[in-house]
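One file, data_3.cif, carrying mmCIF, C-alpha atoms:
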data_final
#
loop_
_atom_site.label_atom_id
_atom_site.label_comp_id
_atom_site.auth_asym_id
_atom_site.auth_seq_id
_atom_site.Cartn_x
_atom_site.Cartn_y
_atom_site.Cartn_z
CA MET A 1 0.00 0.00 0.00
CA LEU A 2 2.85 2.40 0.80
CA ASN A 3 4.55 1.64 -2.52
CA GLU A 4 1.32 2.28 -4.41
CA GLY A 5 0.77 5.57 -2.57
CA ALA A 6 4.33 6.69 -3.19
CA SER A 7 4.11 5.77 -6.87
CA GLY A 8 0.79 7.60 -7.23
CA SER A 9 2.20 10.77 -5.71
CA VAL A 10 5.16 11.08 -8.07
CA MET A 11 3.16 12.04 -11.18
CA PRO A 12 1.23 14.95 -9.58
CA ILE A 13 4.42 16.29 -8.01
CA LEU A 14 6.28 16.20 -11.33
CA LEU A 15 3.38 17.77 -13.25
CA THR A 16 3.01 20.63 -10.75
CA SER A 17 6.71 21.34 -10.46
CA SER A 18 7.18 21.29 -14.22
CA SER A 19 4.38 23.82 -14.72
CA VAL A 20 5.89 26.15 -12.11
CA ALA A 21 9.29 25.81 -13.79
CA PHE A 22 7.69 26.47 -17.18
CA GLY A 23 6.15 29.62 -15.74
CA PHE A 24 9.53 30.82 -14.51
CA VAL A 25 11.05 30.27 -17.97
CA ILE A 26 8.23 32.33 -19.51
CA THR A 27 9.25 35.34 -17.41
CA LEU A 28 12.80 35.07 -18.77
CA ALA A 29 11.70 35.09 -22.42
CA PRO A 30 12.48 38.28 -24.38
CA GLY A 31 8.82 38.83 -25.31
CA PHE A 32 7.64 38.82 -21.71
CA ARG A 33 8.38 42.54 -21.36
CA PHE A 34 5.95 43.26 -24.21
CA ILE A 35 3.28 41.13 -22.54
CA SER A 36 3.95 42.81 -19.21
CA ASP A 37 3.60 46.30 -20.67
CA PHE A 38 0.41 45.29 -22.46
CA ILE A 39 -1.17 43.90 -19.29
CA LEU A 40 -0.24 46.90 -17.18
CA GLY A 41 -1.55 49.21 -19.91
CA ILE A 42 -5.09 47.80 -19.91
CA PRO A 43 -7.36 50.74 -19.11
CA GLY A 44 -9.94 50.68 -16.34
CA ASN A 45 -10.00 48.92 -13.02
CA PRO A 46 -6.57 47.43 -12.24
CA LEU A 47 -8.24 44.34 -10.76
CA ILE A 48 -9.51 43.54 -14.25
CA SER A 49 -6.01 43.61 -15.73
CA LEU A 50 -4.74 41.54 -12.81
CA SER A 51 -7.54 39.04 -13.45
CA LEU A 52 -6.80 38.87 -17.17
CA ALA A 53 -3.09 38.36 -16.55
CA SER A 54 -3.68 35.64 -13.97
CA ALA A 55 -6.27 33.82 -16.08
CA ALA A 56 -4.13 34.02 -19.22
CA PHE A 57 -1.04 32.64 -17.53
CA GLY A 58 -3.17 29.97 -15.86
CA GLY A 59 -4.33 28.85 -19.28
CA ILE A 60 -0.86 29.03 -20.81
CA THR A 61 0.83 27.05 -18.06
CA GLY A 62 -2.15 24.83 -17.27
CA SER A 63 -1.41 25.46 -13.62
CA SER A 64 -2.84 27.95 -11.18
CA SER A 65 0.24 27.71 -8.96
CA GLY A 66 2.49 28.35 -11.97
CA ALA A 67 0.37 31.31 -13.04
CA LEU A 68 0.27 32.70 -9.53
CA SER A 69 4.05 32.60 -9.24
CA ILE A 70 4.45 34.37 -12.59
CA VAL A 71 1.87 37.07 -11.91
CA LEU A 72 2.88 37.86 -8.35
CA GLN A 73 6.58 37.99 -9.19
CA ALA A 74 6.09 40.08 -12.32
CA PHE A 75 3.20 42.38 -11.39
CA ALA A 76 2.64 42.55 -7.61
CA GLU A 77 4.87 45.59 -7.13
CA ASN A 78 2.99 47.52 -9.81
CA TYR A 79 -0.40 46.78 -8.25
CA LEU A 80 0.89 47.61 -4.77
CA ALA A 81 2.12 50.95 -6.14
CA LEU A 82 -1.43 51.61 -7.36
CA GLY A 83 -2.61 51.31 -3.76
CA ILE A 84 -4.34 47.96 -4.02
CA HIS A 85 -4.35 46.06 -0.73
CA PRO A 86 -2.02 43.01 -0.77
CA ASP A 87 -4.85 40.71 0.35
CA VAL A 88 -6.94 41.78 -2.63
CA ILE A 89 -4.05 41.27 -5.04
CA HIS A 90 -3.46 37.77 -3.74
CA ARG A 91 -7.11 36.73 -3.64
CA VAL A 92 -7.93 38.05 -7.11
CA ALA A 93 -4.79 36.54 -8.64
CA ALA A 94 -5.32 33.19 -6.91
CA ILE A 95 -8.91 32.82 -8.07
CA ALA A 96 -8.32 34.21 -11.58
CA SER A 97 -5.34 31.91 -12.13
CA SER A 98 -7.72 28.95 -11.70
CA VAL A 99 -10.27 30.08 -14.29
CA PHE A 100 -8.58 28.49 -17.32
CA THR A 101 -6.59 25.70 -15.69
CA VAL A 102 -9.05 23.25 -17.18
CA MET A 103 -7.00 23.29 -20.37
CA PRO A 104 -6.30 19.85 -21.87
CA HIS A 105 -2.59 20.10 -21.01
CA SER A 106 -3.22 20.90 -17.33
CA GLY A 107 -1.43 18.63 -14.89
CA VAL A 108 -4.49 18.43 -12.65
CA ILE A 109 -6.72 17.33 -15.52
CA LEU A 110 -4.21 14.76 -16.77
CA THR A 111 -3.70 13.39 -13.27
CA MET A 112 -7.43 13.15 -12.63
CA PHE A 113 -7.99 11.38 -15.92
CA ALA A 114 -5.15 8.96 -15.19
CA LEU A 115 -6.50 8.16 -11.74
CA THR A 116 -10.14 7.80 -12.78
CA GLY A 117 -9.71 6.17 -16.18
CA LEU A 118 -11.69 8.98 -17.81
CA ASN A 119 -10.60 10.91 -20.90
CA HIS A 120 -11.09 14.34 -22.44
CA LYS A 121 -13.98 13.17 -24.58
CA ASN A 122 -16.23 11.97 -21.77
CA ALA A 123 -15.29 14.26 -18.89
CA PHE A 124 -13.88 17.54 -20.18
CA LYS A 125 -17.20 19.40 -20.43
CA TYR A 126 -17.95 18.59 -16.79
CA GLN A 127 -14.52 19.80 -15.77
CA PHE A 128 -15.11 23.01 -17.69
CA LEU A 129 -18.43 23.61 -15.95
CA GLY A 130 -17.07 22.67 -12.53
CA MET A 131 -13.83 24.63 -12.74
CA THR A 132 -14.09 27.45 -15.24
CA ILE A 133 -17.63 28.64 -14.60
CA THR A 134 -17.44 28.36 -10.80
CA ASN A 135 -14.04 30.06 -10.60
CA PHE A 136 -15.22 32.85 -12.90
CA LEU A 137 -18.29 33.47 -10.71
CA ALA A 138 -16.08 33.47 -7.61
CA LEU A 139 -13.75 35.95 -9.30
CA VAL A 140 -16.57 38.35 -10.14
CA THR A 141 -17.83 38.10 -6.55
CA VAL A 142 -14.38 38.83 -5.10
CA ILE A 143 -13.79 41.82 -7.38
CA VAL A 144 -17.17 43.31 -6.46
CA ALA A 145 -16.54 42.67 -2.76
CA ALA A 146 -13.05 44.17 -2.97
CA GLU A 147 -14.43 47.30 -4.58
CA LEU A 148 -17.02 47.65 -1.80
CA ILE A 149 -14.75 46.81 1.15
CA TYR A 150 -11.35 48.23 0.22
#
Have the structure of the file written as structure tokens, please.
Amino acid sequence: MLNEGASGSVMPILLTSSSVAFGFVITLAPGFRFISDFILGIPGNPLISLSLASAAFGGITGSSSGALSIVLQAFAENYLALGIHPDVIHRVAAIASSVFTVMPHSGVILTMFALTGLNHKNAFKYQFLGMTITNFLALVTVIVAAELIY
């Protein structure tokens, strides 16, 4: 039983760590400065640009933890300088980074499919409804609450 548990834990650990590493490599790419300037230049409420950045990197990396590390390292100082409370930055980025992690290359999705024997064809739409829609609704709720409270 211990061997089976240890073997089953290796795949999720490798998938998560590889997505975080992939996210770090993205920040080193020459084009990242262009993306950074574009995101920070989005007009309107800064929480919207933070949400878009977090969701986009969540979709690209397929990992909310990878997206969160990219966004907070690259953009947190800018949003703090705008006077946004650190708790709000973290909460919005954490929820938004989960919106598009249902992508077919996501480590969580691949691990779940491997453990359950399901595949993209018969389970992906339920994952989309359960992850994308619910996280998006939570994100909207948090942004509205942040605007009212902070």
Contacts of Ala123 of chain A within 12 Å, only C-alpha atoms, excl. fewer than 6 positions in-chain, as JSON, numbers by chain: {"A": [102, 104, 109, 110, 112, 113, 116, 117, 129, 130]}
Enumerate, as a PDB file with C-alpha atoms, keeping the file's coordinate frame, the residues matched when the PyMOL selection byres ((chain A and resi 79) around 12) is run on the file above.
ATOM      1  CA  ILE A  39      -1.170  43.900 -19.290  1.00  0.00           C
ATOM      2  CA  LEU A  40      -0.240  46.900 -17.180  1.00  0.00           C
ATOM      3  CA  GLY A  41      -1.550  49.210 -19.910  1.00  0.00           C
ATOM      4  CA  ASN A  45     -10.000  48.920 -13.020  1.00  0.00           C
ATOM      5  CA  PRO A  46      -6.570  47.430 -12.240  1.00  0.00           C
ATOM      6  CA  LEU A  47      -8.240  44.340 -10.760  1.00  0.00           C
ATOM      7  CA  ILE A  48      -9.510  43.540 -14.250  1.00  0.00           C
ATOM      8  CA  SER A  49      -6.010  43.610 -15.730  1.00  0.00           C
ATOM      9  CA  LEU A  50      -4.740  41.540 -12.810  1.00  0.00           C
ATOM     10  CA  SER A  51      -7.540  39.040 -13.450  1.00  0.00           C
ATOM     11  CA  VAL A  71       1.870  37.070 -11.910  1.00  0.00           C
ATOM     12  CA  LEU A  72       2.880  37.860  -8.350  1.00  0.00           C
ATOM     13  CA  GLN A  73       6.580  37.990  -9.190  1.00  0.00           C
ATOM     14  CA  ALA A  74       6.090  40.080 -12.320  1.00  0.00           C
ATOM     15  CA  PHE A  75       3.200  42.380 -11.390  1.00  0.00           C
ATOM     16  CA  ALA A  76       2.640  42.550  -7.610  1.00  0.00           C
ATOM     17  CA  GLU A  77       4.870  45.590  -7.130  1.00  0.00           C
ATOM     18  CA  ASN A  78       2.990  47.520  -9.810  1.00  0.00           C
ATOM     19  CA  LEU A  80       0.890  47.610  -4.770  1.00  0.00           C
ATOM     20  CA  ALA A  81       2.120  50.950  -6.140  1.00  0.00           C
ATOM     21  CA  LEU A  82      -1.430  51.610  -7.360  1.00  0.00           C
ATOM     22  CA  GLY A  83      -2.610  51.310  -3.760  1.00  0.00           C
ATOM     23  CA  ILE A  84      -4.340  47.960  -4.020  1.00  0.00           C
ATOM     24  CA  HIS A  85      -4.350  46.060  -0.730  1.00  0.00           C
ATOM     25  CA  PRO A  86      -2.020  43.010  -0.770  1.00  0.00           C
ATOM     26  CA  ASP A  87      -4.850  40.710   0.350  1.00  0.00           C
ATOM     27  CA  VAL A  88      -6.940  41.780  -2.630  1.00  0.00           C
ATOM     28  CA  ILE A  89      -4.050  41.270  -5.040  1.00  0.00           C
ATOM     29  CA  HIS A  90      -3.460  37.770  -3.740  1.00  0.00           C
ATOM     30  CA  VAL A  92      -7.930  38.050  -7.110  1.00  0.00           C
ATOM     31  CA  ALA A  93      -4.790  36.540  -8.640  1.00  0.00           C
TER      32      ALA A  93
END
Rounded to one decimal in Å, what is the spacing between atom CA of Ile70 of chain A and atom CA of Ser17 of chain A?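 Interatomic distance here is 13.4 Å.
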Given the PyMOL selection byres ((chain A and resi 53-62) around 6) and the file above, list the residues it selects as a list of chain:residue names.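 With the shown file as input, the PyMOL selection byres ((chain A and resi 53-62) around 6) matches A:Ser19, A:Leu50, A:Ser51, A:Leu52, A:Ser63, A:Ser64, A:Ala67, A:Ala93, A:Ala96, A:Ser97, A:Val99, A:Phe100, A:Thr101, A:Met103, A:Ser106.
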What does the distance from atom CA of Asp37 of chain A to atom CA of Gly107 of chain A come to in Å, to one decimal?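 Distance reported for this atom pair: 28.7 Å.
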